[in-house]
>>> print(open('run_7.pdb').read())   # PDB, C-alpha atoms
ATOM      1  CA  MET A   1     -23.168  37.625  88.393
ATOM      2  CA  LYS A   2     -25.402  39.681  86.116
ATOM      3  CA  SER A   3     -22.580  42.077  85.147
ATOM      4  CA  ARG A   4     -20.380  39.082  84.278
ATOM      5  CA  ILE A   5     -23.023  37.727  81.896
ATOM      6  CA  VAL A   6     -23.397  41.195  80.327
ATOM      7  CA  LYS A   7     -19.601  41.359  79.793
ATOM      8  CA  ILE A   8     -19.570  37.898  78.187
ATOM      9  CA  VAL A   9     -22.506  38.815  75.917
ATOM     10  CA  LEU A  10     -20.814  42.118  74.958
ATOM     11  CA  LEU A  11     -17.530  40.301  74.238
ATOM     12  CA  LEU A  12     -19.316  37.722  72.095
ATOM     13  CA  LEU A  13     -21.264  40.438  70.273
ATOM     14  CA  GLY A  14     -18.075  42.454  69.722
ATOM     15  CA  GLY A  15     -16.303  39.342  68.431
ATOM     16  CA  CYS A  16     -19.161  38.631  66.044
ATOM     17  CA  LEU A  17     -19.133  42.216  64.739
ATOM     18  CA  ILE A  18     -15.367  42.083  64.203
ATOM     19  CA  GLY A  19     -15.771  38.712  62.452
ATOM     20  CA  VAL A  20     -18.487  40.088  60.147
ATOM     21  CA  PHE A  21     -16.357  43.158  59.364
ATOM     22  CA  LEU A  22     -13.249  41.078  58.597
ATOM     23  CA  SER A  23     -15.278  38.657  56.465
ATOM     24  CA  GLY A  24     -16.755  41.527  54.478
ATOM     25  CA  LEU A  25     -13.339  43.113  54.077
ATOM     26  CA  SER A  26     -11.942  39.792  52.842
ATOM     27  CA  VAL A  27     -14.671  39.524  50.206
ATOM     28  CA  VAL A  28     -13.963  43.077  48.988
ATOM     29  CA  VAL A  29     -10.190  42.460  48.847
ATOM     30  CA  MET A  30     -10.641  39.119  47.035
ATOM     31  CA  HIS A  31     -12.966  40.753  44.504
ATOM     32  CA  LYS A  32     -10.690  43.757  43.884
ATOM     33  CA  THR A  33      -7.612  41.540  43.439
ATOM     34  CA  SER A  34      -9.425  39.438  40.826
ATOM     35  CA  SER A  35      -9.745  42.192  38.240
ATOM     36  CA  THR A  36      -7.573  42.333  35.130
ATOM     37  CA  GLU A  37      -6.690  45.905  36.107
ATOM     38  CA  TYR A  38      -5.247  44.627  39.384
ATOM     39  CA  CYS A  39      -3.280  41.859  37.630
ATOM     40  CA  ILE A  40      -1.699  44.228  35.151
ATOM     41  CA  SER A  41      -0.839  46.744  37.860
ATOM     42  CA  CYS A  42       2.124  44.454  38.591
ATOM     43  CA  HIS A  43       2.399  42.598  35.275
ATOM     44  CA  THR A  44       2.389  45.738  33.153
ATOM     45  CA  LYS A  45       6.136  46.361  32.754
ATOM     46  CA  HIS A  46       7.031  43.023  31.228
ATOM     47  CA  SER A  47       6.000  41.279  28.058
ATOM     48  CA  LEU A  48       2.656  39.726  29.059
ATOM     49  CA  VAL A  49       0.487  42.792  28.495
ATOM     50  CA  PRO A  50       1.905  44.014  25.159
ATOM     51  CA  GLU A  51       1.732  40.496  23.694
ATOM     52  CA  ASN A  52      -1.913  39.888  24.632
ATOM     53  CA  PRO A  53      -3.554  41.769  21.710
ATOM     54  CA  LYS A  54      -2.126  39.258  19.209
ATOM     55  CA  PHE A  55      -3.945  36.361  20.921
ATOM     56  CA  SER A  56      -7.573  35.464  20.256
ATOM     57  CA  HIS A  57      -8.431  35.396  23.953
ATOM     58  CA  PHE A  58      -7.697  39.113  24.124
ATOM     59  CA  SER A  59      -9.233  40.283  20.864
ATOM     60  CA  ASN A  60     -11.394  38.219  18.517
ATOM     61  CA  ARG A  61     -14.129  38.428  15.881
ATOM     62  CA  VAL A  62     -16.953  37.900  18.385
ATOM     63  CA  GLY A  63     -15.782  40.670  20.715
ATOM     64  CA  VAL A  64     -15.092  38.531  23.772
ATOM     65  CA  SER A  65     -12.132  39.617  25.877
ATOM     66  CA  VAL A  66     -11.072  37.094  28.488
ATOM     67  CA  LYS A  67     -10.026  38.344  31.929
ATOM     68  CA  CYS A  68      -6.860  37.011  33.578
ATOM     69  CA  THR A  69      -8.903  35.180  36.209
ATOM     70  CA  ASP A  70     -10.996  33.382  33.584
ATOM     71  CA  CYS A  71      -7.965  31.205  32.793
ATOM     72  CA  HIS A  72      -5.788  31.513  35.862
ATOM     73  CA  ILE A  73      -8.418  30.686  38.506
ATOM     74  CA  ALA A  74     -10.311  27.409  38.236
ATOM     75  CA  PRO A  75     -13.995  27.247  39.184
ATOM     76  CA  GLY A  76     -14.771  26.652  42.853
ATOM     77  CA  ILE A  77     -13.973  28.382  46.132
ATOM     78  CA  GLY A  78     -11.100  26.020  46.981
ATOM     79  CA  ASN A  79      -9.366  26.725  43.672
ATOM     80  CA  TYR A  80     -10.065  30.430  44.135
ATOM     81  CA  LEU A  81      -8.359  30.476  47.535
ATOM     82  CA  ILE A  82      -5.391  28.443  46.232
ATOM     83  CA  ALA A  83      -4.969  30.929  43.371
ATOM     84  CA  LYS A  84      -5.127  33.819  45.816
ATOM     85  CA  MET A  85      -2.310  32.259  47.857
ATOM     86  CA  GLY A  86      -0.272  31.992  44.643
ATOM     87  CA  GLY A  87      -1.045  35.644  43.946
ATOM     88  CA  LEU A  88       0.171  36.565  47.418
ATOM     89  CA  LYS A  89       3.440  34.783  46.618
ATOM     90  CA  ASP A  90       3.694  36.833  43.393
ATOM     91  CA  ALA A  91       3.030  40.048  45.309
ATOM     92  CA  ILE A  92       5.860  39.194  47.717
ATOM     93  CA  LYS A  93       8.180  38.488  44.757
ATOM     94  CA  TYR A  94       7.134  41.805  43.209
ATOM     95  CA  MET A  95       8.195  43.586  46.396
ATOM     96  CA  THR A  96      11.421  41.638  46.992
ATOM     97  CA  ILE A  97      12.928  40.752  43.580
ATOM     98  CA  SER A  98      14.250  43.936  42.015
ATOM     99  CA  ASP A  99      13.710  42.953  38.376
ATOM    100  CA  PHE A 100      10.546  40.833  38.866
ATOM    101  CA  ASP A 101       8.389  43.208  36.827
ATOM    102  CA  THR A 102      10.739  43.490  33.846
ATOM    103  CA  LYS A 103      10.599  41.952  30.394
ATOM    104  CA  GLU A 104      14.065  40.475  30.995
ATOM    105  CA  TRP A 105      12.935  38.599  34.139
ATOM    106  CA  ILE A 106       9.775  37.230  32.533
ATOM    107  CA  ASP A 107      11.637  36.179  29.377
ATOM    108  CA  LYS A 108      14.323  34.447  31.454
ATOM    109  CA  ASN A 109      11.669  32.577  33.476
ATOM    110  CA  ARG A 110       8.954  32.186  30.835
ATOM    111  CA  GLU A 111       9.521  28.490  30.135
ATOM    112  CA  GLU A 112       9.293  27.607  33.840
ATOM    113  CA  LEU A 113       6.233  29.827  34.326
ATOM    114  CA  ALA A 114       4.530  28.372  31.245
ATOM    115  CA  GLY A 115       5.235  24.861  32.532
ATOM    116  CA  LYS A 116       3.653  25.710  35.896
ATOM    117  CA  ALA A 117       0.617  27.255  34.207
ATOM    118  CA  LEU A 118       0.144  24.181  32.007
ATOM    119  CA  LYS A 119       0.510  21.866  35.005
ATOM    120  CA  ASN A 120      -2.084  23.895  36.896
ATOM    121  CA  ILE A 121      -4.528  23.623  33.986
ATOM    122  CA  ALA A 122      -3.758  19.903  33.616
ATOM    123  CA  ASP A 123      -4.359  19.357  37.349
ATOM    124  CA  ILE A 124      -7.892  20.723  36.985
ATOM    125  CA  ASN A 125      -8.680  18.875  33.713
ATOM    126  CA  SER A 126      -8.799  22.111  31.696
ATOM    127  CA  GLU A 127     -11.868  23.246  33.687
ATOM    128  CA  THR A 128     -11.058  26.902  32.998
ATOM    129  CA  CYS A 129     -11.151  26.185  29.255
ATOM    130  CA  VAL A 130     -14.307  24.089  29.434
ATOM    131  CA  SER A 131     -16.136  26.680  31.556
ATOM    132  CA  CYS A 132     -16.288  28.877  28.430
ATOM    133  CA  HIS A 133     -15.902  26.295  25.658
ATOM    134  CA  ALA A 134     -18.131  23.448  26.930
ATOM    135  CA  LYS A 135     -20.247  23.582  23.779
ATOM    136  CA  ILE A 136     -17.233  22.678  21.610
ATOM    137  CA  ARG A 137     -17.018  19.286  23.289
ATOM    138  CA  LYS A 138     -20.524  18.330  22.202
ATOM    139  CA  ASP A 139     -21.593  20.649  19.377
ATOM    140  CA  LEU A 140     -18.715  21.672  17.126
ATOM    141  CA  PRO A 141     -19.297  25.008  15.371
ATOM    142  CA  ALA A 142     -19.832  24.874  11.598
ATOM    143  CA  SER A 143     -17.132  27.515  11.146
ATOM    144  CA  MET A 144     -14.484  25.241  12.701
ATOM    145  CA  ASP A 145     -11.549  24.294  10.504
ATOM    146  CA  PRO A 146     -12.126  20.785   9.035
ATOM    147  CA  LEU A 147      -8.915  19.372  10.530
ATOM    148  CA  ALA A 148      -9.757  20.832  13.942
ATOM    149  CA  ARG A 149     -13.263  19.360  13.647
ATOM    150  CA  GLU A 150     -11.803  15.925  12.864
ATOM    151  CA  VAL A 151      -9.366  16.091  15.793
ATOM    152  CA  HIS A 152     -12.082  17.251  18.235
ATOM    153  CA  ASN A 153     -14.485  14.543  17.016
ATOM    154  CA  TYR A 154     -11.802  11.880  17.415
ATOM    155  CA  ASN A 155     -10.911  13.091  20.916
ATOM    156  CA  ASN A 156     -14.587  13.231  21.929
ATOM    157  CA  THR A 157     -15.106   9.557  20.962
ATOM    158  CA  LYS A 158     -12.500   8.371  23.477
ATOM    159  CA  PRO A 159     -13.351   7.486  27.081
ATOM    160  CA  GLU A 160     -13.076  10.646  29.184
ATOM    161  CA  ASN A 161      -9.912   9.542  31.001
ATOM    162  CA  GLU A 162      -8.170   9.020  27.628
ATOM    163  CA  GLN A 163      -9.209  12.306  26.034
ATOM    164  CA  LYS A 164      -6.473  14.873  25.530
ATOM    165  CA  GLN A 165      -6.889  18.048  27.484
ATOM    166  CA  CYS A 166      -7.491  21.355  25.734
ATOM    167  CA  ILE A 167      -3.953  22.550  26.452
ATOM    168  CA  TYR A 168      -2.451  19.572  24.650
ATOM    169  CA  CYS A 169      -3.178  21.329  21.347
ATOM    170  CA  HIS A 170      -4.044  24.850  22.467
ATOM    171  CA  ARG A 171      -0.872  25.847  24.303
ATOM    172  CA  GLY A 172      -0.087  29.502  23.885
ATOM    173  CA  VAL A 173      -3.631  30.757  23.273
ATOM    174  CA  ALA A 174      -3.102  33.750  25.562
ATOM    175  CA  HIS A 175       0.656  33.996  26.103
ATOM    176  CA  GLU A 176       3.695  32.996  24.106
ATOM    177  CA  TYR A 177       4.498  29.284  24.284
ATOM    178  CA  LYS A 178       7.375  27.912  22.239
ATOM    179  CA  LYS A 179       6.885  24.467  20.704
ATOM    180  CA  GLU A 180      10.251  23.234  22.013
ATOM    181  CA  TRP A 181       8.961  23.647  25.576
ATOM    182  CA  ALA A 182       6.277  20.998  24.969
ATOM    183  CA  VAL A 183       7.917  17.968  26.531
ATOM    184  CA  ASP A 184       4.891  16.425  28.247
ATOM    185  CA  HIS A 185       2.483  15.011  25.674
ATOM    186  CA  SER A 186       0.564  12.959  28.239
ATOM    187  CA  LEU A 187      -1.922  15.604  29.235
ATOM    188  CA  SER A 188      -4.973  13.355  29.206
ATOM    189  CA  LEU A 189      -7.984  14.135  31.347
ATOM    190  CA  LYS A 190      -7.670  12.764  34.864
ATOM    191  CA  ALA A 191     -10.322  10.377  36.170
ATOM    192  CA  LYS A 192     -12.807  12.231  38.338
TER
END
>>> encode(input="run_7.pdb", output="structure tokens")
Amino acid sequence: MKSRIVKIVLLLLGGCLIGVFLSGLSVVVMHKTSSTEYCISCHTKHSLVPENPKFSHFSNRVGVSVKCTDCHIAPGIGNYLIAKMGGLKDAIKYMTISDFDTKEWIDKNREELAGKALKNIADINSETCVSCHAKIRKDLPASMDPLAREVHNYNNTKPENEQKQCIYCHRGVAHEYKKEWAVDHSLSLKAK
């Protein structure tokens, strides 16, 4: 009887140790796969990386350089895990589609990819934008262009569920986005 209890305790202890190890390994893998360096290890051969320097989110007067995950992963653990599943899908495509990492493939699929990215941002009420630019909603910078100031002020006076999302006007702030792709002009904030 005593040896049976010892075996059960050892099995439970072993299971707990394996669980702790796998949890720790998961955290390390999640962290490593969230770096810009990791993102561009696959996305380096097509047009996303060379185009980034011309966008303000990559290089700007205040010296802030936005990481891929700052825009592509919404705040919160649930959103983080959903984004990681999407990244796993991309990794599988990278390994199975022969031209997935080429400029030709990305250019051929750019409109669809841009549409998905915009939908993802719309689904989270531009939270990734607001996480860095929250101050703009309430305290517009003095250096802001007068027309932009007027548009932001007008949008801020509306009820929250009628306000336009950031991406309504700011499409293409980090990657190319052609104006003719903009078919959905109903990107208002969703009621929370």
>>> residues_around(input="run_7.pdb", residues="region 25-32 of chain A", least_positions_apart="3", cutoff="12 Å", atoms="all atoms listed in the file", output="VMD selection string")
chain A and resid 18 to 22 35 to 39 41 69 77 80 to 85 87 to 88
>>> write_last_selection(input="run_7.pdb", atoms="C-alpha atoms", output="mmCIF file, in the coordinates of the input")
data_model
loop_
_atom_site.group_PDB
_atom_site.id
_atom_site.type_symbol
_atom_site.label_atom_id
_atom_site.label_comp_id
_atom_site.auth_asym_id
_atom_site.auth_seq_id
_atom_site.Cartn_x
_atom_site.Cartn_y
_atom_site.Cartn_z
ATOM 1 C CA ILE A 18 -15.367 42.083 64.203
ATOM 2 C CA GLY A 19 -15.771 38.712 62.452
ATOM 3 C CA VAL A 20 -18.487 40.088 60.147
ATOM 4 C CA PHE A 21 -16.357 43.158 59.364
ATOM 5 C CA LEU A 22 -13.249 41.078 58.597
ATOM 6 C CA SER A 35 -9.745 42.192 38.240
ATOM 7 C CA THR A 36 -7.573 42.333 35.130
ATOM 8 C CA GLU A 37 -6.690 45.905 36.107
ATOM 9 C CA TYR A 38 -5.247 44.627 39.384
ATOM 10 C CA CYS A 39 -3.280 41.859 37.630
ATOM 11 C CA SER A 41 -0.839 46.744 37.860
ATOM 12 C CA THR A 69 -8.903 35.180 36.209
ATOM 13 C CA ILE A 77 -13.973 28.382 46.132
ATOM 14 C CA TYR A 80 -10.065 30.430 44.135
ATOM 15 C CA LEU A 81 -8.359 30.476 47.535
ATOM 16 C CA ILE A 82 -5.391 28.443 46.232
ATOM 17 C CA ALA A 83 -4.969 30.929 43.371
ATOM 18 C CA LYS A 84 -5.127 33.819 45.816
ATOM 19 C CA MET A 85 -2.310 32.259 47.857
ATOM 20 C CA GLY A 87 -1.045 35.644 43.946
ATOM 21 C CA LEU A 88 0.171 36.565 47.418
#
>>> axis_aligned_box(input="run_7.pdb", around="region 26-35 of chain A", padding_each_side="5 Å", output="AutoDock Vina command-line options")
--center_x -11.1 --center_y 41.4 --center_z 45.5 --size_x 17.1 --size_y 14.6 --size_z 24.6
>>> atom_distance(input="run_7.pdb", atom1="CA of Ala114 (chain A)", atom2="CA of Val130 (chain A)")
19.4 Å
>>> atom_distance(input="run_7.pdb", atom1="CA of His133 (chain A)", atom2="CA of Leu113 (chain A)")
24.0 Å
>>> resolve_selection(input="run_7.pdb", expression="the PyMOL selection byres ((chain A and resi 167) around 12)", output="VMD selection string")
chain A and resid 71 114 to 115 117 to 130 163 to 166 168 to 174 177 182 184 to 189
>>> atom_distance(input="run_7.pdb", atom1="CA of Thr33 (chain A)", atom2="CA of Gly14 (chain A)")
28.3 Å
>>> closest_residue(input="run_7.pdb", among="A:Ile136, A:Ile106, A:Ala142, A:Val64", to="Asn156 (chain A)", atoms="all atoms listed in the file")
A:Ile136
